[in-house]
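Engineer: The following file, final.pdb, comprises PDB, C-alpha atoms:
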```
ATOM      1  CA  MET A   1      16.282  10.451 -40.013
ATOM      2  CA  ALA A   2      18.809  12.800 -38.395
ATOM      3  CA  GLU A   3      15.978  14.749 -36.854
ATOM      4  CA  THR A   4      14.433  11.574 -35.382
ATOM      5  CA  ALA A   5      17.780  10.525 -33.883
ATOM      6  CA  ASN A   6      18.150  13.995 -32.429
ATOM      7  CA  ILE A   7      14.759  13.804 -30.731
ATOM      8  CA  SER A   8      15.452  10.412 -29.180
ATOM      9  CA  ALA A   9      18.836  11.601 -27.954
ATOM     10  CA  THR A  10      17.469  14.739 -26.319
ATOM     11  CA  ALA A  11      14.250  13.181 -25.044
ATOM     12  CA  ALA A  12      15.642   9.964 -23.577
ATOM     13  CA  PRO A  13      12.992   8.284 -21.414
ATOM     14  CA  THR A  14      13.530   8.478 -17.682
ATOM     15  CA  SER A  15      10.429   6.793 -16.227
ATOM     16  CA  ASP A  16      10.697   3.152 -15.218
ATOM     17  CA  ALA A  17       7.730   2.239 -17.426
ATOM     18  CA  ALA A  18       9.284   3.788 -20.541
ATOM     19  CA  LEU A  19      12.652   2.157 -19.867
ATOM     20  CA  ILE A  20      11.008  -1.243 -19.356
ATOM     21  CA  GLU A  21       9.109  -0.900 -22.613
ATOM     22  CA  LEU A  22      12.320  -0.113 -24.494
ATOM     23  CA  ALA A  23      14.278  -2.847 -22.708
ATOM     24  CA  ALA A  24      11.578  -5.409 -23.551
ATOM     25  CA  ALA A  25      11.882  -4.320 -27.195
ATOM     26  CA  GLY A  26      15.580  -5.165 -27.145
ATOM     27  CA  HIS A  27      17.217  -1.867 -26.151
ATOM     28  CA  SER A  28      19.764  -3.182 -23.659
ATOM     29  CA  GLU A  29      20.992   0.311 -22.759
ATOM     30  CA  SER A  30      17.550   1.093 -21.318
ATOM     31  CA  PHE A  31      17.841  -1.900 -19.004
ATOM     32  CA  GLU A  32      21.313  -0.737 -17.990
ATOM     33  CA  VAL A  33      19.744   2.546 -16.858
ATOM     34  CA  LEU A  34      17.290   0.589 -14.688
ATOM     35  CA  VAL A  35      20.141  -1.476 -13.235
ATOM     36  CA  SER A  36      22.168   1.623 -12.367
ATOM     37  CA  ARG A  37      19.052   3.165 -10.796
ATOM     38  CA  TYR A  38      18.207   0.219  -8.546
ATOM     39  CA  GLN A  39      21.438  -1.744  -8.078
ATOM     40  CA  ARG A  40      22.528  -0.055  -4.838
ATOM     41  CA  PRO A  41      19.149  -0.099  -3.032
ATOM     42  CA  ILE A  42      18.452  -3.697  -4.095
ATOM     43  CA  THR A  43      21.922  -4.889  -3.047
ATOM     44  CA  GLY A  44      21.545  -3.021   0.244
ATOM     45  CA  TYR A  45      18.126  -4.563   0.838
ATOM     46  CA  ILE A  46      19.462  -8.076   0.175
ATOM     47  CA  TYR A  47      22.500  -7.419   2.372
ATOM     48  CA  ARG A  48      20.240  -6.424   5.255
ATOM     49  CA  MET A  49      18.452  -9.768   4.867
ATOM     50  CA  LEU A  50      21.537 -11.953   4.412
ATOM     51  CA  GLY A  51      24.235 -10.086   6.344
ATOM     52  CA  ASP A  52      26.842 -11.227   3.812
ATOM     53  CA  GLN A  53      28.316  -8.729   1.343
ATOM     54  CA  ASP A  54      29.598 -11.247  -1.215
ATOM     55  CA  ALA A  55      26.379 -13.255  -1.157
ATOM     56  CA  SER A  56      24.378 -10.053  -1.485
ATOM     57  CA  LEU A  57      26.256  -9.049  -4.631
ATOM     58  CA  ASP A  58      25.737 -12.512  -6.124
ATOM     59  CA  VAL A  59      22.028 -12.575  -5.298
ATOM     60  CA  ALA A  60      21.552  -9.031  -6.602
ATOM     61  CA  GLN A  61      23.138 -10.094  -9.886
ATOM     62  CA  GLU A  62      20.746 -13.055 -10.017
ATOM     63  CA  VAL A  63      17.849 -10.679  -9.413
ATOM     64  CA  PHE A  64      18.673  -8.434 -12.356
ATOM     65  CA  ILE A  65      19.202 -11.433 -14.629
ATOM     66  CA  LYS A  66      15.767 -12.738 -13.603
ATOM     67  CA  VAL A  67      14.238  -9.309 -14.149
ATOM     68  CA  TYR A  68      15.776  -9.023 -17.615
ATOM     69  CA  ASN A  69      14.526 -12.485 -18.580
ATOM     70  CA  SER A  70      11.051 -11.698 -17.228
ATOM     71  CA  LEU A  71      10.446  -8.239 -18.693
ATOM     72  CA  ASP A  72       7.635  -9.627 -20.860
ATOM     73  CA  LYS A  73       5.851 -10.748 -17.654
ATOM     74  CA  TYR A  74       5.935  -7.323 -16.015
ATOM     75  CA  CYS A  75       2.460  -5.899 -15.386
ATOM     76  CA  ALA A  76       2.258  -2.122 -15.561
ATOM     77  CA  ASP A  77      -0.519  -2.199 -12.928
ATOM     78  CA  TYR A  78       2.280  -2.483 -10.348
ATOM     79  CA  LYS A  79       5.159  -0.094  -9.764
ATOM     80  CA  PHE A  80       8.369  -1.496 -11.210
ATOM     81  CA  SER A  81      10.124  -1.038  -7.868
ATOM     82  CA  THR A  82       7.476  -3.164  -6.117
ATOM     83  CA  TRP A  83       7.895  -5.926  -8.699
ATOM     84  CA  LEU A  84      11.673  -5.677  -8.421
ATOM     85  CA  TYR A  85      11.642  -5.920  -4.615
ATOM     86  CA  ARG A  86       9.319  -8.917  -4.911
ATOM     87  CA  ILE A  87      11.884 -10.717  -7.079
ATOM     88  CA  ALA A  88      14.691  -9.654  -4.709
ATOM     89  CA  HIS A  89      12.699 -10.927  -1.732
ATOM     90  CA  ASN A  90      12.190 -14.327  -3.372
ATOM     91  CA  ALA A  91      15.839 -14.562  -4.409
ATOM     92  CA  ALA A  92      17.058 -13.737  -0.889
ATOM     93  CA  ILE A  93      14.666 -16.270   0.661
ATOM     94  CA  ASP A  94      15.818 -18.912  -1.844
ATOM     95  CA  HIS A  95      19.436 -18.184  -0.938
ATOM     96  CA  MET A  96      18.656 -18.480   2.775
ATOM     97  CA  ARG A  97      16.932 -21.811   2.221
ATOM     98  CA  ARG A  98      19.787 -23.134   0.085
ATOM     99  CA  ASN A  99      22.240 -22.190   2.813
ATOM    100  CA  SER A 100      20.093 -23.404   5.717
ATOM    101  CA  VAL A 101      19.571 -19.952   7.235
ATOM    102  CA  ALA A 102      16.727 -19.950   9.762
ATOM    103  CA  ILE A 103      13.672 -18.089   8.461
ATOM    104  CA  PHE A 104      11.283 -17.278  11.283
ATOM    105  CA  SER A 105       7.569 -17.043  10.619
ATOM    106  CA  LEU A 106       5.780 -16.161  13.844
ATOM    107  CA  GLU A 107       2.229 -14.797  14.044
ATOM    108  CA  THR A 108       0.812 -12.208  16.465
ATOM    109  CA  GLU A 109      -2.653 -11.060  17.334
ATOM    110  CA  ASN A 110      -2.101  -7.266  17.358
ATOM    111  CA  SER A 111      -3.029  -5.257  14.291
ATOM    112  CA  ASP A 112      -1.443  -1.801  14.440
ATOM    113  CA  GLY A 113       1.680  -0.247  15.859
ATOM    114  CA  THR A 114       2.388   3.088  17.467
ATOM    115  CA  TYR A 115       6.193   2.850  17.734
ATOM    116  CA  GLN A 116       7.826   4.440  14.688
ATOM    117  CA  VAL A 117      11.430   4.143  13.513
ATOM    118  CA  GLN A 118      13.179   7.043  11.793
ATOM    119  CA  PHE A 119      16.116   6.229   9.502
ATOM    120  CA  GLU A 120      16.592   9.623   7.859
ATOM    121  CA  SER A 121      17.107  13.148   9.131
ATOM    122  CA  GLY A 122      16.981  16.676   7.772
ATOM    123  CA  LEU A 123      19.646  19.370   8.046
ATOM    124  CA  ASN A 124      21.079  19.632  11.547
ATOM    125  CA  SER A 125      24.103  20.976  13.401
ATOM    126  CA  PRO A 126      27.262  18.807  13.343
ATOM    127  CA  GLU A 127      26.624  17.786  16.947
ATOM    128  CA  ARG A 128      23.038  16.858  16.177
ATOM    129  CA  GLU A 129      24.165  14.978  13.067
ATOM    130  CA  ARG A 130      26.606  12.997  15.199
ATOM    131  CA  GLU A 131      23.842  12.132  17.667
ATOM    132  CA  LEU A 132      21.540  11.094  14.834
ATOM    133  CA  SER A 133      24.320   9.034  13.253
ATOM    134  CA  GLU A 134      24.839   7.222  16.561
ATOM    135  CA  TRP A 135      21.072   6.739  16.844
ATOM    136  CA  ARG A 136      20.846   5.307  13.319
ATOM    137  CA  THR A 137      23.740   2.960  14.084
ATOM    138  CA  GLU A 138      21.930   1.815  17.221
ATOM    139  CA  ILE A 139      18.697   1.342  15.261
ATOM    140  CA  GLU A 140      20.513  -0.731  12.635
ATOM    141  CA  THR A 141      22.053  -2.876  15.367
ATOM    142  CA  VAL A 142      18.623  -3.458  16.885
ATOM    143  CA  VAL A 143      17.043  -4.183  13.487
ATOM    144  CA  ASN A 144      19.771  -6.762  12.826
ATOM    145  CA  CYS A 145      18.780  -8.520  16.078
ATOM    146  CA  LEU A 146      15.297  -9.200  14.698
ATOM    147  CA  PRO A 147      14.383 -12.547  13.101
ATOM    148  CA  ALA A 148      14.682 -12.331   9.301
ATOM    149  CA  ALA A 149      10.932 -12.210   8.639
ATOM    150  CA  TYR A 150      10.501  -9.189  10.917
ATOM    151  CA  ARG A 151      13.728  -7.474   9.884
ATOM    152  CA  GLU A 152      12.672  -7.501   6.237
ATOM    153  CA  LEU A 153       9.317  -5.872   6.962
ATOM    154  CA  ILE A 154      10.909  -3.103   9.037
ATOM    155  CA  LEU A 155      13.367  -2.397   6.217
ATOM    156  CA  LEU A 156      10.662  -2.320   3.561
ATOM    157  CA  ARG A 157       8.444  -0.044   5.639
ATOM    158  CA  HIS A 158      10.898   2.393   7.214
ATOM    159  CA  SER A 159      13.998   2.269   5.028
ATOM    160  CA  ARG A 160      12.407   1.756   1.593
ATOM    161  CA  GLU A 161       9.177   3.552   2.605
ATOM    162  CA  LEU A 162       6.846   1.029   0.974
ATOM    163  CA  SER A 163       3.162   1.121   1.854
ATOM    164  CA  TYR A 164       1.527  -1.800   3.672
ATOM    165  CA  ASP A 165      -0.108  -2.866   0.383
ATOM    166  CA  GLU A 166       3.232  -2.747  -1.447
ATOM    167  CA  ILE A 167       4.897  -4.788   1.312
ATOM    168  CA  ALA A 168       2.132  -7.378   0.995
ATOM    169  CA  THR A 169       2.798  -7.548  -2.756
ATOM    170  CA  VAL A 170       6.575  -7.833  -2.294
ATOM    171  CA  THR A 171       6.439 -10.518   0.397
ATOM    172  CA  GLY A 172       3.315 -12.364  -0.749
ATOM    173  CA  LEU A 173       1.873 -12.066   2.771
ATOM    174  CA  PRO A 174      -1.745 -11.149   3.544
ATOM    175  CA  LEU A 175      -2.144  -7.471   4.432
ATOM    176  CA  GLY A 176      -3.271  -8.316   7.980
ATOM    177  CA  THR A 177      -0.167 -10.433   8.531
ATOM    178  CA  VAL A 178       2.039  -7.581   7.331
ATOM    179  CA  LYS A 179       0.438  -5.215   9.845
ATOM    180  CA  ASN A 180       0.622  -7.794  12.640
ATOM    181  CA  ARG A 181       4.273  -8.565  12.048
ATOM    182  CA  LEU A 182       5.226  -4.909  11.776
ATOM    183  CA  PHE A 183       3.526  -4.259  15.096
ATOM    184  CA  ARG A 184       5.344  -7.199  16.668
ATOM    185  CA  ALA A 185       8.665  -6.135  15.073
ATOM    186  CA  ARG A 186       8.357  -2.659  16.596
ATOM    187  CA  GLU A 187       7.518  -4.164  19.974
ATOM    188  CA  MET A 188      10.538  -6.463  19.743
ATOM    189  CA  MET A 189      12.722  -3.486  18.844
ATOM    190  CA  ARG A 190      11.419  -1.547  21.838
ATOM    191  CA  GLU A 191      12.150  -4.509  24.137
ATOM    192  CA  ILE A 192      15.703  -4.840  22.748
ATOM    193  CA  MET A 193      16.282  -1.086  23.182
ATOM    194  CA  VAL A 194      15.129  -1.250  26.796
ATOM    195  CA  LYS A 195      17.523  -4.158  27.459
ATOM    196  CA  ARG A 196      20.363  -2.243  25.810
ATOM    197  CA  GLY A 197      19.559   0.846  27.890
ATOM    198  CA  VAL A 198      18.817   2.976  24.823
ATOM    199  CA  ILE A 199      15.298   3.831  26.026
ATOM    200  CA  THR A 200      13.485   3.350  29.296
TER     201      THR A 200
END
```
Would you give me this structure, written as structure tokens?
Structural biologist:
Amino acid sequence: MAETANISATAAPTSDAALIELAAAGHSESFEVLVSRYQRPITGYIYRMLGDQDASLDVAQEVFIKVYNSLDKYCADYKFSTWLYRIAHNAAIDHMRRNSVAIFSLETENSDGTYQVQFESGLNSPERERELSEWRTEIETVVNCLPAAYRELILLRHSRELSYDEIATVTGLPLGTVKNRLFRAREMMREIMVKRGVIT
């Protein structure tokens, strides 16, 4: 028995799938590991949608409660993070509806975008880092000017680095709509940047 305990202590599972399996079997500490792994990015994602820190913390807590109560419904065919962002998306939308926040749902006819947004940077000089920090701040300001439906897609694609297919799964939108809205979101960002004098 001591040997078995030793093995489980030294070979603690680290993959999401293994932690979910243990959590579903009643090992609450495994779920706590998942919460600590995803709490910050999920709260940040919700905050970007709602723009309210307190509400974001409340909704994020709701999300993890829902996830815990739905572990038996998780399908291993999907990445856990995709499933988690799907639940977070729905919770944020529900909060916006409960609080009468406008949720825009516009369609466009274009299918692919060429304008890319960079949120991260590699190692640079202090001066370059300052420039990039100012650029990221400007980008965030512009992203926050977008209607909620577009802002969310930009965040999922460029901040969370989800694929188009994963974004479609998270949002429940058809793949073509995801591509169309991302194209339109980038165009809207470019127009805002031109008006703000950031680009010409």
Engineer: Taking the file above as input, evaluate the PyMOL selection byres ((chain A and resi 67-76) around 12) and report the hits as a ChimeraX atom specification.
Structural biologist: /A:16-32,34-35,38,60-66,77-88,91
Engineer: Could you please determine the separation between CA of Ala55 (chain A) and CA of Glu166 (chain A) in Å, to one decimal place?
Structural biologist: 25.4 Å
Engineer: The PyMOL selection byres ((chain A and resi 185-192) around 7) on the file shown: which residues, as a ChimeraX atom specification?
Structural biologist: /A:115,142-143,150,181-184,193-196
Engineer: Hey, which of A:Glu138, A:Val178, A:His158, A:Gly172 ends up closest to Gly197 (chain A)? Count all atoms listed in the file.
Structural biologist: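 Between A:Glu138, A:Val178, A:His158, A:Gly172, the residue approaching Gly197 (chain A) most closely is A:Glu138.
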Engineer: To one decimal in Å, tell me the separation between CA of Asp52 (chain A) and CA of Leu162 (chain A).
Structural biologist: 23.6 Å
Engineer: Taking (7.7, -6.9, 0.0) in the file's own coordinates, collect the residues within 7 Å, counting only C-alpha atoms, and hand them back as a list in words.
Structural biologist: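 Residues with an atom at most 7 Å from (7.7, -6.9, 0.0): Tyr85, Arg86, His89, Leu156, Glu166, Ile167, Ala168, Thr169, Val170 and Thr171 of chain A.
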Engineer: Could you work out how far CA of Gln39 (chain A) lies from CA of Thr14 (chain A), giving the answer in Å with one decimal?
Structural biologist: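 Calculated distance between CA of Thr14 (chain A) and CA of Gln39 (chain A) is 16.1 Å.
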Engineer: Need to verify the contact set: Gly44 (chain A), 10 Å, all atoms listed in the file, exclusion of same-chain residues closer than 6 positions in sequence. Can you return it as a list in words?
Structural biologist: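 Residues near the query, excluding close chain neighbours: Tyr38, Leu50, Gly51, Gln53, Ser56, Leu57 and Ala60 of chain A.
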Engineer: Could those residues be written to a file, using C-alpha atoms, as a compact mmCIF listing (two decimals), in the frame of the given file?
Structural biologist:
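Below is the file that was written, again_18.txt:
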```
# COMPACT_ATOMS: atom_id res chain seq x y z
CA TYR A 38 18.21 0.22 -8.55
CA LEU A 50 21.54 -11.95 4.41
CA GLY A 51 24.24 -10.09 6.34
CA GLN A 53 28.32 -8.73 1.34
CA SER A 56 24.38 -10.05 -1.48
CA LEU A 57 26.26 -9.05 -4.63
CA ALA A 60 21.55 -9.03 -6.60
```
Engineer: Using the partial input, fill out region 156-186 of chain A with N, CA and C atoms; write the result as a PDB file, keeping the file's coordinate frame.
Structural biologist:
```
ATOM      1  N   LEU A 156      11.543  -2.720   4.657  1.00  0.00           N
ATOM      2  CA  LEU A 156      10.662  -2.320   3.561  1.00  0.00           C
ATOM      3  C   LEU A 156       9.803  -1.119   3.943  1.00  0.00           C
ATOM      4  N   ARG A 157       9.346  -1.112   5.198  1.00  0.00           N
ATOM      5  CA  ARG A 157       8.444  -0.044   5.639  1.00  0.00           C
ATOM      6  C   ARG A 157       9.189   1.256   5.941  1.00  0.00           C
ATOM      7  N   HIS A 158      10.274   1.174   6.698  1.00  0.00           N
ATOM      8  CA  HIS A 158      10.898   2.393   7.214  1.00  0.00           C
ATOM      9  C   HIS A 158      12.143   2.826   6.449  1.00  0.00           C
ATOM     10  N   SER A 159      12.827   1.892   5.802  1.00  0.00           N
ATOM     11  CA  SER A 159      13.998   2.269   5.028  1.00  0.00           C
ATOM     12  C   SER A 159      13.637   2.508   3.559  1.00  0.00           C
ATOM     13  N   ARG A 160      12.823   1.621   2.996  1.00  0.00           N
ATOM     14  CA  ARG A 160      12.407   1.756   1.593  1.00  0.00           C
ATOM     15  C   ARG A 160      11.088   2.502   1.445  1.00  0.00           C
ATOM     16  N   GLU A 161      10.408   2.751   2.564  1.00  0.00           N
ATOM     17  CA  GLU A 161       9.177   3.552   2.605  1.00  0.00           C
ATOM     18  C   GLU A 161       8.072   2.984   1.720  1.00  0.00           C
ATOM     19  N   LEU A 162       7.942   1.653   1.692  1.00  0.00           N
ATOM     20  CA  LEU A 162       6.846   1.029   0.974  1.00  0.00           C
ATOM     21  C   LEU A 162       5.583   1.076   1.819  1.00  0.00           C
ATOM     22  N   SER A 163       4.441   1.149   1.154  1.00  0.00           N
ATOM     23  CA  SER A 163       3.162   1.121   1.854  1.00  0.00           C
ATOM     24  C   SER A 163       2.888  -0.308   2.325  1.00  0.00           C
ATOM     25  N   TYR A 164       1.898  -0.461   3.213  1.00  0.00           N
ATOM     26  CA  TYR A 164       1.527  -1.800   3.672  1.00  0.00           C
ATOM     27  C   TYR A 164       1.116  -2.673   2.490  1.00  0.00           C
ATOM     28  N   ASP A 165       0.335  -2.111   1.558  1.00  0.00           N
ATOM     29  CA  ASP A 165      -0.108  -2.866   0.383  1.00  0.00           C
ATOM     30  C   ASP A 165       1.084  -3.308  -0.466  1.00  0.00           C
ATOM     31  N   GLU A 166       2.054  -2.401  -0.654  1.00  0.00           N
ATOM     32  CA  GLU A 166       3.232  -2.747  -1.447  1.00  0.00           C
ATOM     33  C   GLU A 166       4.057  -3.828  -0.759  1.00  0.00           C
ATOM     34  N   ILE A 167       4.164  -3.756   0.569  1.00  0.00           N
ATOM     35  CA  ILE A 167       4.897  -4.788   1.312  1.00  0.00           C
ATOM     36  C   ILE A 167       4.210  -6.138   1.147  1.00  0.00           C
ATOM     37  N   ALA A 168       2.881  -6.138   1.193  1.00  0.00           N
ATOM     38  CA  ALA A 168       2.132  -7.378   0.995  1.00  0.00           C
ATOM     39  C   ALA A 168       2.414  -7.960  -0.386  1.00  0.00           C
ATOM     40  N   THR A 169       2.500  -7.096  -1.393  1.00  0.00           N
ATOM     41  CA  THR A 169       2.798  -7.548  -2.756  1.00  0.00           C
ATOM     42  C   THR A 169       4.209  -8.112  -2.842  1.00  0.00           C
ATOM     43  N   VAL A 170       5.174  -7.403  -2.244  1.00  0.00           N
ATOM     44  CA  VAL A 170       6.575  -7.833  -2.294  1.00  0.00           C
ATOM     45  C   VAL A 170       6.769  -9.172  -1.601  1.00  0.00           C
ATOM     46  N   THR A 171       6.195  -9.325  -0.419  1.00  0.00           N
ATOM     47  CA  THR A 171       6.439 -10.518   0.397  1.00  0.00           C
ATOM     48  C   THR A 171       5.459 -11.658   0.120  1.00  0.00           C
ATOM     49  N   GLY A 172       4.323 -11.340  -0.521  1.00  0.00           N
ATOM     50  CA  GLY A 172       3.315 -12.364  -0.749  1.00  0.00           C
ATOM     51  C   GLY A 172       2.518 -12.699   0.498  1.00  0.00           C
ATOM     52  N   LEU A 173       2.618 -11.852   1.524  1.00  0.00           N
ATOM     53  CA  LEU A 173       1.873 -12.066   2.771  1.00  0.00           C
ATOM     54  C   LEU A 173       0.522 -11.364   2.721  1.00  0.00           C
ATOM     55  N   PRO A 174      -0.473 -11.886   3.431  1.00  0.00           N
ATOM     56  CA  PRO A 174      -1.745 -11.149   3.544  1.00  0.00           C
ATOM     57  C   PRO A 174      -1.505  -9.804   4.233  1.00  0.00           C
ATOM     58  N   LEU A 175      -2.313  -8.819   3.885  1.00  0.00           N
ATOM     59  CA  LEU A 175      -2.144  -7.471   4.432  1.00  0.00           C
ATOM     60  C   LEU A 175      -2.209  -7.482   5.958  1.00  0.00           C
ATOM     61  N   GLY A 176      -3.150  -8.243   6.528  1.00  0.00           N
ATOM     62  CA  GLY A 176      -3.271  -8.316   7.980  1.00  0.00           C
ATOM     63  C   GLY A 176      -2.020  -8.876   8.639  1.00  0.00           C
ATOM     64  N   THR A 177      -1.398  -9.855   7.990  1.00  0.00           N
ATOM     65  CA  THR A 177      -0.167 -10.433   8.531  1.00  0.00           C
ATOM     66  C   THR A 177       0.963  -9.419   8.505  1.00  0.00           C
ATOM     67  N   VAL A 178       1.027  -8.639   7.423  1.00  0.00           N
ATOM     68  CA  VAL A 178       2.039  -7.581   7.331  1.00  0.00           C
ATOM     69  C   VAL A 178       1.891  -6.619   8.500  1.00  0.00           C
ATOM     70  N   LYS A 179       0.682  -6.168   8.753  1.00  0.00           N
ATOM     71  CA  LYS A 179       0.438  -5.215   9.845  1.00  0.00           C
ATOM     72  C   LYS A 179       0.767  -5.847  11.196  1.00  0.00           C
ATOM     73  N   ASN A 180       0.348  -7.099  11.377  1.00  0.00           N
ATOM     74  CA  ASN A 180       0.622  -7.794  12.640  1.00  0.00           C
ATOM     75  C   ASN A 180       2.113  -7.932  12.901  1.00  0.00           C
ATOM     76  N   ARG A 181       2.838  -8.339  11.875  1.00  0.00           N
ATOM     77  CA  ARG A 181       4.273  -8.565  12.048  1.00  0.00           C
ATOM     78  C   ARG A 181       5.030  -7.259  12.244  1.00  0.00           C
ATOM     79  N   LEU A 182       4.593  -6.212  11.567  1.00  0.00           N
ATOM     80  CA  LEU A 182       5.226  -4.909  11.776  1.00  0.00           C
ATOM     81  C   LEU A 182       5.002  -4.428  13.201  1.00  0.00           C
ATOM     82  N   PHE A 183       3.796  -4.636  13.707  1.00  0.00           N
ATOM     83  CA  PHE A 183       3.526  -4.259  15.096  1.00  0.00           C
ATOM     84  C   PHE A 183       4.437  -5.048  16.031  1.00  0.00           C
ATOM     85  N   ARG A 184       4.519  -6.354  15.811  1.00  0.00           N
ATOM     86  CA  ARG A 184       5.344  -7.199  16.668  1.00  0.00           C
ATOM     87  C   ARG A 184       6.821  -6.828  16.528  1.00  0.00           C
ATOM     88  N   ALA A 185       7.260  -6.516  15.298  1.00  0.00           N
ATOM     89  CA  ALA A 185       8.665  -6.135  15.073  1.00  0.00           C
ATOM     90  C   ALA A 185       9.007  -4.886  15.852  1.00  0.00           C
ATOM     91  N   ARG A 186       8.108  -3.899  15.854  1.00  0.00           N
ATOM     92  CA  ARG A 186       8.357  -2.659  16.596  1.00  0.00           C
ATOM     93  C   ARG A 186       8.390  -2.923  18.103  1.00  0.00           C
TER      94      ARG A 186
END
```
